[in-house]
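Raw upload-v8.cif, mmCIF, C-alpha atoms:
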```cif
data_work
#
loop_
_atom_site.label_atom_id
_atom_site.label_comp_id
_atom_site.auth_asym_id
_atom_site.auth_seq_id
_atom_site.Cartn_x
_atom_site.Cartn_y
_atom_site.Cartn_z
CA MET A 7 0.00 0.00 0.00
CA ALA A 8 1.45 3.35 -1.04
CA MET A 9 2.09 5.97 1.61
CA ILE A 10 2.40 8.73 -1.00
CA SER A 11 -0.66 9.61 -3.10
CA VAL A 12 -0.70 9.85 -6.88
CA ARG A 13 -1.08 13.62 -6.59
CA HIS A 14 2.01 13.81 -4.43
CA GLU A 15 3.96 11.70 -6.93
CA VAL A 16 2.89 14.12 -9.67
CA PHE A 17 4.01 17.07 -7.53
CA ILE A 18 7.42 15.45 -6.93
CA GLU A 19 7.98 15.00 -10.66
CA VAL A 20 6.93 18.56 -11.51
CA ALA A 21 9.25 19.82 -8.74
CA ASN A 22 12.10 17.69 -10.09
CA GLN A 23 11.58 18.81 -13.69
CA LEU A 24 10.35 22.36 -12.95
CA SER A 25 8.15 21.86 -15.98
CA PHE A 26 4.56 20.67 -16.33
CA SER A 27 5.14 19.38 -19.86
CA ALA A 28 8.36 17.53 -18.95
CA ALA A 29 6.62 15.92 -15.97
CA ALA A 30 3.75 14.87 -18.25
CA ASP A 31 6.25 13.17 -20.59
CA VAL A 32 7.93 11.31 -17.72
CA LEU A 33 4.66 10.17 -16.13
CA PHE A 34 2.90 9.40 -19.45
CA ILE A 35 -0.16 11.51 -18.61
CA SER A 36 -1.52 14.68 -20.20
CA GLN A 37 -0.43 18.16 -19.21
CA PRO A 38 -4.01 19.16 -18.23
CA ALA A 39 -4.05 16.15 -15.86
CA ILE A 40 -0.78 17.38 -14.32
CA SER A 41 -2.28 20.84 -13.83
CA LYS A 42 -5.41 19.34 -12.27
CA HIS A 43 -3.38 17.39 -9.69
CA ILE A 44 -1.27 20.41 -8.74
CA LYS A 45 -4.35 22.65 -8.44
CA ALA A 46 -6.00 20.09 -6.15
CA LEU A 47 -2.91 19.99 -3.91
CA GLU A 48 -2.76 23.78 -3.75
CA GLN A 49 -6.43 23.86 -2.73
CA HIS A 50 -5.78 21.19 -0.10
CA TYR A 51 -2.80 23.04 1.42
CA LYS A 52 -4.44 26.43 0.82
CA THR A 53 -1.26 27.87 -0.67
CA ALA A 54 0.59 28.15 -3.97
CA LEU A 55 3.25 25.46 -4.51
CA PHE A 56 4.76 26.92 -7.70
CA GLU A 57 5.31 30.44 -8.96
CA ARG A 58 5.56 31.29 -12.62
CA LYS A 59 8.55 33.27 -13.88
CA GLY A 60 8.02 34.05 -17.55
CA ASN A 61 8.09 30.73 -19.38
CA SER A 62 9.46 28.82 -16.40
CA ILE A 63 8.23 27.81 -12.94
CA ALA A 64 9.90 27.64 -9.53
CA LEU A 65 8.93 26.18 -6.18
CA THR A 66 7.51 28.57 -3.61
CA ALA A 67 8.80 28.41 -0.02
CA THR A 68 5.87 26.11 0.83
CA GLY A 69 6.55 24.04 -2.26
CA ARG A 70 10.17 23.50 -1.23
CA ILE A 71 9.08 22.27 2.20
CA LEU A 72 6.55 19.87 0.68
CA HIS A 73 9.08 18.58 -1.85
CA GLU A 74 11.71 17.90 0.81
CA ARG A 75 9.26 16.11 3.11
CA LEU A 76 7.80 14.01 0.31
CA LEU A 77 11.26 12.86 -0.76
CA GLN A 78 11.92 11.82 2.84
CA ALA A 79 8.57 10.00 2.93
CA ARG A 80 9.31 8.21 -0.35
CA ARG A 81 12.70 7.03 0.94
CA LEU A 82 11.07 5.85 4.17
CA GLN A 83 8.42 3.97 2.19
CA GLN A 84 11.03 2.23 0.04
CA GLN A 85 13.11 1.36 3.08
CA MET A 86 10.09 0.00 4.93
CA GLU A 87 9.08 -2.18 1.96
CA PHE A 88 12.57 -3.64 1.75
CA GLU A 89 12.94 -4.35 5.48
CA ILE A 90 9.47 -5.87 5.88
CA SER A 91 9.77 -8.02 2.76
CA THR A 92 13.20 -9.36 3.80
CA ALA A 93 12.22 -10.12 7.39
CA GLU A 94 11.48 -13.74 6.46
CA SER A 95 13.09 -14.26 3.05
CA LYS A 96 15.65 -12.29 1.01
CA VAL A 97 14.20 -13.73 -2.18
CA ARG A 98 10.93 -11.92 -1.47
CA ALA A 99 12.64 -8.53 -1.07
CA ASN A 100 10.85 -5.74 -2.86
CA GLY A 101 11.20 -2.00 -3.12
CA GLN A 102 13.29 0.32 -5.28
CA PHE A 103 17.02 0.85 -5.26
CA LYS A 104 18.12 4.00 -7.10
CA PHE A 105 21.84 3.95 -7.60
CA GLY A 106 24.30 6.25 -9.35
CA ALA A 107 27.89 5.74 -10.44
CA SER A 108 30.60 7.73 -12.16
CA THR A 109 31.57 6.51 -15.61
CA THR A 110 34.46 4.18 -14.78
CA VAL A 111 32.51 2.46 -12.02
CA ALA A 112 29.34 2.12 -14.09
CA LEU A 113 31.10 0.60 -17.10
CA TYR A 114 33.92 -1.51 -15.66
CA ILE A 115 33.43 -2.17 -11.95
CA ILE A 116 29.81 -2.31 -10.85
CA PRO A 117 28.04 -4.46 -13.53
CA ARG A 118 28.96 -7.77 -11.89
CA VAL A 119 27.98 -6.35 -8.50
CA LEU A 120 24.57 -5.24 -9.77
CA SER A 121 24.06 -8.58 -11.50
CA GLY A 122 24.80 -10.56 -8.35
CA PHE A 123 22.74 -8.18 -6.18
CA HIS A 124 19.80 -8.56 -8.55
CA GLN A 125 20.07 -12.36 -8.40
CA LYS A 126 20.12 -12.17 -4.61
CA TYR A 127 17.06 -9.90 -4.52
CA PRO A 128 15.16 -10.76 -7.75
CA GLU A 129 12.01 -8.79 -6.86
CA LEU A 130 13.92 -5.58 -6.16
CA LYS A 131 13.57 -2.84 -8.79
CA ILE A 132 17.04 -1.46 -9.55
CA SER A 133 17.89 1.62 -11.61
CA MET A 134 21.31 3.15 -12.23
CA LEU A 135 22.31 6.66 -13.26
CA ASN A 136 25.64 6.83 -15.12
CA ARG A 137 27.22 10.31 -15.19
CA ASN A 138 30.46 11.99 -14.14
CA THR A 139 31.31 12.45 -10.46
CA ASP A 140 29.91 15.98 -10.10
CA THR A 141 26.57 14.99 -11.63
CA ILE A 142 26.24 11.93 -9.37
CA LEU A 143 26.87 14.08 -6.29
CA GLN A 144 24.16 16.50 -7.39
CA ALA A 145 21.75 13.63 -8.11
CA LEU A 146 22.23 12.38 -4.54
CA LEU A 147 21.62 15.85 -3.11
CA ASN A 148 18.50 16.22 -5.29
CA GLY A 149 17.11 12.89 -4.08
CA ASP A 150 17.26 11.31 -7.55
CA ILE A 151 19.41 8.46 -6.20
CA ASP A 152 19.90 7.04 -2.72
CA THR A 153 23.38 5.54 -2.97
CA GLY A 154 26.26 6.25 -5.34
CA ILE A 155 29.91 5.54 -6.06
CA VAL A 156 32.17 8.43 -7.04
CA GLU A 157 35.85 9.20 -7.40
CA GLY A 158 37.49 11.19 -4.61
CA ILE A 159 36.01 13.21 -1.77
CA LYS A 160 34.48 16.65 -2.15
CA LYS A 161 33.72 18.66 0.96
CA VAL A 162 29.93 18.48 1.15
CA ASN A 163 28.69 18.36 4.74
CA SER A 164 25.41 16.65 3.89
CA ILE A 165 27.11 13.65 2.21
CA ASN A 166 28.68 10.69 3.96
CA TYR A 167 31.65 8.99 2.24
CA GLN A 168 32.72 5.37 2.75
CA TYR A 169 35.87 3.98 1.07
CA PHE A 170 35.31 1.29 -1.57
CA MET A 171 38.45 0.66 -3.63
CA THR A 172 41.48 2.18 -5.39
CA ASP A 173 42.15 2.26 -9.13
CA GLU A 174 45.06 3.43 -11.28
CA VAL A 175 44.99 5.99 -14.09
CA VAL A 176 47.55 5.36 -16.84
CA ALA A 177 48.88 7.40 -19.76
CA VAL A 178 48.15 5.66 -23.06
CA CYS A 179 48.30 6.25 -26.79
CA SER A 180 47.64 4.33 -29.96
CA SER A 181 50.28 1.70 -30.62
CA SER A 182 50.82 3.36 -34.01
CA SER A 183 51.42 6.81 -32.48
CA PRO A 184 55.01 8.16 -32.53
CA ILE A 185 54.66 8.56 -28.76
CA ALA A 186 54.49 4.78 -28.42
CA GLN A 187 58.12 4.61 -29.52
CA ARG A 188 59.08 6.31 -26.25
CA PRO A 189 57.76 4.07 -23.47
CA VAL A 190 59.07 6.50 -20.82
CA LEU A 191 58.46 10.25 -20.86
CA ALA A 192 60.03 12.88 -18.62
CA LEU A 193 57.64 15.43 -17.13
CA ALA A 194 59.27 18.10 -19.28
CA ASP A 195 58.52 16.03 -22.40
CA LEU A 196 54.89 15.58 -21.33
CA LYS A 197 54.39 19.29 -21.93
CA LYS A 198 55.44 18.90 -25.58
CA VAL A 199 53.19 16.09 -26.79
CA PRO A 200 49.56 16.46 -27.98
CA ILE A 201 47.09 15.57 -25.23
CA ALA A 202 43.43 14.51 -25.18
CA LEU A 203 41.55 14.75 -21.87
CA ARG A 204 38.18 14.04 -20.25
CA GLU A 205 35.64 16.78 -19.62
CA GLN A 206 35.43 19.02 -16.55
CA GLY A 207 33.73 17.21 -13.66
CA SER A 208 35.46 13.92 -14.49
CA GLY A 209 37.08 12.13 -11.57
CA THR A 210 39.84 10.87 -13.88
CA LEU A 211 40.66 14.45 -14.85
CA ALA A 212 40.63 15.55 -11.19
CA ALA A 213 43.08 12.77 -10.27
CA LEU A 214 45.42 13.75 -13.11
CA LYS A 215 45.29 17.44 -12.16
CA ALA A 216 46.04 16.70 -8.49
CA ASN A 217 49.01 14.45 -9.31
CA LEU A 218 50.48 16.95 -11.77
CA GLN A 219 50.22 19.71 -9.19
CA GLN A 220 52.20 17.58 -6.76
CA GLN A 221 54.98 17.59 -9.35
CA GLY A 222 54.72 21.33 -9.92
CA VAL A 223 52.98 21.02 -13.29
CA LYS A 224 49.75 22.84 -14.17
CA LEU A 225 47.16 21.31 -16.44
CA SER A 226 47.26 24.51 -18.49
CA GLU A 227 50.91 23.77 -19.38
CA LEU A 228 49.91 20.68 -21.37
CA GLN A 229 49.21 20.79 -25.10
CA VAL A 230 45.53 19.86 -24.78
CA GLY A 231 43.90 19.80 -28.20
CA ILE A 232 40.63 18.03 -27.41
CA ARG A 233 38.36 17.19 -24.49
CA LEU A 234 35.87 14.36 -24.70
CA GLY A 235 32.94 13.43 -22.48
CA GLY A 236 33.14 9.86 -21.25
CA THR A 237 35.75 7.14 -20.93
CA GLU A 238 34.65 5.20 -24.02
CA ALA A 239 34.69 8.30 -26.22
CA LEU A 240 38.23 9.15 -25.14
CA LYS A 241 39.44 5.56 -25.48
CA ASN A 242 38.05 5.17 -29.00
CA PHE A 243 39.54 8.53 -30.01
CA LEU A 244 42.98 7.59 -28.73
CA LYS A 245 42.93 4.34 -30.70
CA GLU A 246 42.52 6.38 -33.91
CA ASP A 247 44.69 9.42 -33.13
CA GLU A 248 48.30 10.18 -32.19
CA CYS A 249 47.44 12.00 -28.93
CA LEU A 250 48.37 10.86 -25.45
CA GLY A 251 45.51 10.46 -22.99
CA PHE A 252 44.85 9.32 -19.44
CA LEU A 253 42.44 6.47 -18.77
CA PRO A 254 41.56 4.11 -15.90
CA ARG A 255 43.53 0.88 -16.20
CA ARG A 256 40.34 -1.15 -15.71
CA ALA A 257 38.87 0.52 -18.80
CA ILE A 258 41.69 -0.49 -21.16
CA LEU A 259 42.75 -4.00 -20.11
CA LYS A 260 41.51 -5.52 -23.37
CA GLU A 261 43.06 -2.79 -25.56
CA LEU A 262 46.43 -3.15 -23.82
CA ARG A 263 46.30 -6.92 -24.16
CA ASP A 264 45.35 -6.75 -27.85
CA GLY A 265 48.02 -4.16 -28.63
CA GLU A 266 45.62 -1.41 -29.71
CA LEU A 267 46.88 0.92 -26.98
CA THR A 268 50.30 1.27 -25.41
CA ALA A 269 50.87 2.36 -21.81
CA ILE A 270 53.42 5.14 -21.43
CA LYS A 271 55.32 5.56 -18.18
CA ILE A 272 55.79 9.17 -17.11
CA GLU A 273 58.64 9.76 -14.70
CA HIS A 274 57.59 10.72 -11.15
CA LEU A 275 53.88 10.43 -12.04
CA HIS A 276 51.86 7.62 -10.50
CA ILE A 277 48.16 8.39 -10.61
CA THR A 278 45.67 6.57 -8.41
CA ARG A 279 42.21 7.56 -7.32
CA ASP A 280 39.96 6.21 -4.62
CA PHE A 281 36.32 5.31 -5.13
CA TYR A 282 33.81 5.99 -2.36
CA PHE A 283 30.24 5.03 -1.64
CA ILE A 284 28.14 8.13 -1.03
CA GLN A 285 24.90 8.49 0.88
CA ARG A 286 23.04 11.40 2.38
CA ARG A 287 24.26 11.99 5.92
CA GLY A 288 21.94 10.33 8.43
CA GLU A 289 20.88 7.57 6.00
CA GLU A 290 24.02 5.42 6.33
CA ASN A 291 22.19 2.69 8.25
CA ASP A 292 19.25 2.28 5.88
CA GLY A 293 18.92 -1.45 5.25
CA LEU A 294 18.84 -1.37 1.45
CA GLY A 295 21.88 0.87 0.96
CA ARG A 296 23.76 -0.98 3.69
CA ALA A 297 22.98 -4.34 2.06
CA PHE A 298 24.24 -3.13 -1.32
CA ILE A 299 27.47 -1.66 0.08
CA ARG A 300 28.19 -4.82 2.05
CA TYR A 301 27.61 -6.96 -1.06
CA ALA A 302 29.80 -4.73 -3.30
CA LYS A 303 32.67 -4.85 -0.81
CA MET A 304 32.39 -8.63 -0.61
CA LYS A 305 32.62 -8.90 -4.41
CA TYR A 306 35.79 -6.77 -4.55
CA ILE A 307 37.53 -7.81 -1.35
CA ARG A 308 41.26 -8.15 -1.89
#
```
Could you write out this file's structure as structure tokens?
Amino acid sequence: MAMISVRHEVFIEVANQLSFSAAADVLFISQPAISKHIKALEQHYKTALFERKGNSIALTATGRILHERLLQARRLQQQMEFEISTAESKVRANGQFKFGASTTVALYIIPRVLSGFHQKYPELKISMLNRNTDTILQALLNGDIDTGIVEGIKKVNSINYQYFMTDEVVAVCSSSSPIAQRPVLALADLKKVPIALREQGSGTLAALKANLQQQGVKLSELQVGIRLGGTEALKNFLKEDECLGFLPRRAILKELRDGELTAIKIEHLHITRDFYFIQRRGEENDGLGRAFIRYAKMKYIR
């Protein structure tokens, strides 16, 4: 039995989208029906929940309070469903698990975890958001996901971090690139070769920048000719171009083995980055998130 009414679910989606038409598309109902639900809620609470600003809408102060409380109620409902359904049998577990992961994790680390977790809890509805680290953090703060895995720690007081694992970032180029003839580069030489990088907000880029700074090198000193969004996009570009790039080792194991890419050692530069589970502070002991984190750690225990 749902704790949150249909009208409240409609309100949550309009608040998330800040658009009646976008909410209608997501919920597969007409825009007039959306308007009818919102009007009924405003009559019930005797206050406006949205204010119109030109062609856009924004939450009123009352609307923000209602949105925050409804997100809390939805999380409580999902948690309750999971805990009650698993009291006697894990196989009967139901509820929703909304998870988010930065690109490297989503593509190369977490699939086997999600597969095993789904087999353990076959009735559980699982969804995953795959974006860069900054976007996953924002999704958690917005209530779009309940648990995530990101690269590195950013100082956000409302987020709890829990260490998961460490990965290495390596410099690579196409095996046919002239750079591949020099398996070791000095830092001074790194500034002279063409470079391709990930986009801003990427955890891989942040790890590279931090390690270069430790060696007294600024990212702006590199000959960066192109930036690409996503690990796969950068990897496929490097296979066809002569640029040097930086990619997670887990993302290029096959390409290194098959000889499509060559790893280049850069003197005094050893790039690693740590992955962390993230949850909203105060929700660390929720049964569903705790069960997933425990299972993921078991899968990758070293």
Within 7 Å of A:Thr66 using only C-alpha atoms, minus same-chain residues under 6 positions, as a list in words: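 Residues near the query, excluding close chain neighbours: Ala54, Leu55, Phe56 and Glu57 of chain A.
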Under the PyMOL selection byres ((chain A and resi 292) around 12), which residues of this model are included? Write them out as a PDB file with C-alpha atoms, keeping the file's coordinate frame.
```pdb
ATOM      1  CA  ARG A  81      12.700   7.030   0.940  1.00  0.00           C
ATOM      2  CA  LEU A  82      11.070   5.850   4.170  1.00  0.00           C
ATOM      3  CA  GLN A  83       8.420   3.970   2.190  1.00  0.00           C
ATOM      4  CA  GLN A  84      11.030   2.230   0.040  1.00  0.00           C
ATOM      5  CA  GLN A  85      13.110   1.360   3.080  1.00  0.00           C
ATOM      6  CA  MET A  86      10.090   0.000   4.930  1.00  0.00           C
ATOM      7  CA  GLU A  87       9.080  -2.180   1.960  1.00  0.00           C
ATOM      8  CA  PHE A  88      12.570  -3.640   1.750  1.00  0.00           C
ATOM      9  CA  GLU A  89      12.940  -4.350   5.480  1.00  0.00           C
ATOM     10  CA  PHE A 103      17.020   0.850  -5.260  1.00  0.00           C
ATOM     11  CA  ASP A 152      19.900   7.040  -2.720  1.00  0.00           C
ATOM     12  CA  THR A 153      23.380   5.540  -2.970  1.00  0.00           C
ATOM     13  CA  GLN A 285      24.900   8.490   0.880  1.00  0.00           C
ATOM     14  CA  ARG A 286      23.040  11.400   2.380  1.00  0.00           C
ATOM     15  CA  ARG A 287      24.260  11.990   5.920  1.00  0.00           C
ATOM     16  CA  GLY A 288      21.940  10.330   8.430  1.00  0.00           C
ATOM     17  CA  GLU A 289      20.880   7.570   6.000  1.00  0.00           C
ATOM     18  CA  GLU A 290      24.020   5.420   6.330  1.00  0.00           C
ATOM     19  CA  ASN A 291      22.190   2.690   8.250  1.00  0.00           C
ATOM     20  CA  GLY A 293      18.920  -1.450   5.250  1.00  0.00           C
ATOM     21  CA  LEU A 294      18.840  -1.370   1.450  1.00  0.00           C
ATOM     22  CA  GLY A 295      21.880   0.870   0.960  1.00  0.00           C
ATOM     23  CA  ARG A 296      23.760  -0.980   3.690  1.00  0.00           C
ATOM     24  CA  ALA A 297      22.980  -4.340   2.060  1.00  0.00           C
ATOM     25  CA  PHE A 298      24.240  -3.130  -1.320  1.00  0.00           C
ATOM     26  CA  ILE A 299      27.470  -1.660   0.080  1.00  0.00           C
TER      27      ILE A 299
END
```
Minimum-distance residue to A:Leu147, chosen among A:Asp173, A:Glu129, A:Asp195, A:Glu74 (using only C-alpha atoms):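 Of the candidates, the smallest distance to A:Leu147 is held by A:Glu74.
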Which of A:Gly207, A:Gly122, A:Gly69, A:Pro189 sits closest to A:Glu48 [using only C-alpha atoms]: A:Gly69
Residues near A:Val176, cut-off 12 Å, all atoms listed in the file, skip fewer than 3 positions along chain, as a PyMOL selection string: chain A and resi 173+179+210-211+213-214+217+241+250-259+262+267-272+275-279
Expansion of the PyMOL selection byres ((chain A and resi 209) around 10) into residues, as a list of chain:residue names: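 In the shown coordinates, the PyMOL selection byres ((chain A and resi 209) around 10) covers A:Ser108, A:Thr109, A:Thr110, A:Asn138, A:Thr139, A:Asp140, A:Val156, A:Glu157, A:Gly158, A:Ile159, A:Arg204, A:Glu205, A:Gln206, A:Gly207, A:Ser208, A:Thr210, A:Leu211, A:Ala212, A:Ala213, A:Leu214, A:Lys215, A:Arg279, A:Asp280, A:Phe281.
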For A:Asn166, the nearest of the candidates A:Ala28, A:His50, A:Lys198, A:Gly154, counting all atoms listed in the file: A:Gly154
Long-range neighbours of stretch 36-43 of chain A as a PyMOL selection string, 6 Å cut-off, all atoms listed in the file, 4 positions minimum in chain: chain A and resi 13+27+30
Will you model N, CA and C atoms for stretch 32-57 of chain A and pass it back as a compact mmCIF listing (two decimals), in the frame of the given file?
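Full text of out.txt as output:
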```txt
# COMPACT_ATOMS: atom_id res chain seq x y z
N VAL A 32 7.35 12.34 -18.58
CA VAL A 32 7.93 11.31 -17.72
C VAL A 32 6.86 10.38 -17.17
N LEU A 33 5.71 10.95 -16.78
CA LEU A 33 4.66 10.17 -16.13
C LEU A 33 3.65 9.57 -17.11
N PHE A 34 3.79 9.93 -18.41
CA PHE A 34 2.90 9.40 -19.45
C PHE A 34 1.43 9.77 -19.19
N ILE A 35 1.20 11.00 -18.74
CA ILE A 35 -0.16 11.51 -18.61
C ILE A 35 -0.20 12.89 -19.27
N SER A 36 -1.39 13.41 -19.49
CA SER A 36 -1.52 14.68 -20.20
C SER A 36 -1.14 15.86 -19.31
N GLN A 37 -0.77 16.96 -19.96
CA GLN A 37 -0.43 18.16 -19.21
C GLN A 37 -1.63 18.72 -18.44
N PRO A 38 -2.85 18.71 -19.02
CA PRO A 38 -4.01 19.16 -18.23
C PRO A 38 -4.22 18.32 -16.97
N ALA A 39 -3.92 17.01 -17.05
CA ALA A 39 -4.05 16.15 -15.86
C ALA A 39 -3.03 16.55 -14.81
N ILE A 40 -1.80 16.89 -15.24
CA ILE A 40 -0.78 17.38 -14.32
C ILE A 40 -1.28 18.64 -13.61
N SER A 41 -1.78 19.57 -14.39
CA SER A 41 -2.28 20.84 -13.83
C SER A 41 -3.41 20.61 -12.84
N LYS A 42 -4.29 19.65 -13.16
CA LYS A 42 -5.41 19.34 -12.27
C LYS A 42 -4.93 18.82 -10.92
N HIS A 43 -3.92 17.93 -10.94
CA HIS A 43 -3.38 17.39 -9.69
C HIS A 43 -2.72 18.48 -8.85
N ILE A 44 -1.96 19.35 -9.49
CA ILE A 44 -1.27 20.41 -8.74
C ILE A 44 -2.29 21.39 -8.16
N LYS A 45 -3.32 21.73 -8.93
CA LYS A 45 -4.35 22.65 -8.44
C LYS A 45 -5.06 22.06 -7.23
N ALA A 46 -5.33 20.75 -7.28
CA ALA A 46 -6.00 20.09 -6.15
C ALA A 46 -5.13 20.13 -4.89
N LEU A 47 -3.82 19.92 -5.06
CA LEU A 47 -2.91 19.99 -3.91
C LEU A 47 -2.85 21.41 -3.34
N GLU A 48 -2.82 22.39 -4.21
CA GLU A 48 -2.76 23.78 -3.75
C GLU A 48 -4.04 24.16 -3.00
N GLN A 49 -5.18 23.62 -3.45
CA GLN A 49 -6.43 23.86 -2.73
C GLN A 49 -6.43 23.16 -1.38
N HIS A 50 -5.84 21.95 -1.36
CA HIS A 50 -5.78 21.19 -0.10
C HIS A 50 -4.90 21.90 0.94
N TYR A 51 -3.72 22.37 0.49
CA TYR A 51 -2.80 23.04 1.42
C TYR A 51 -3.09 24.54 1.57
N LYS A 52 -4.02 25.03 0.76
CA LYS A 52 -4.44 26.43 0.82
C LYS A 52 -3.26 27.39 0.60
N THR A 53 -2.41 27.03 -0.36
CA THR A 53 -1.26 27.87 -0.67
C THR A 53 -0.72 27.50 -2.06
N ALA A 54 -0.04 28.43 -2.67
CA ALA A 54 0.59 28.15 -3.97
C ALA A 54 1.85 27.32 -3.75
N LEU A 55 2.06 26.32 -4.61
CA LEU A 55 3.25 25.46 -4.51
C LEU A 55 4.30 25.82 -5.56
N PHE A 56 3.85 26.48 -6.64
CA PHE A 56 4.76 26.92 -7.70
C PHE A 56 4.47 28.38 -8.03
N GLU A 57 5.49 29.09 -8.44
CA GLU A 57 5.31 30.44 -8.96
C GLU A 57 5.85 30.48 -10.38
```
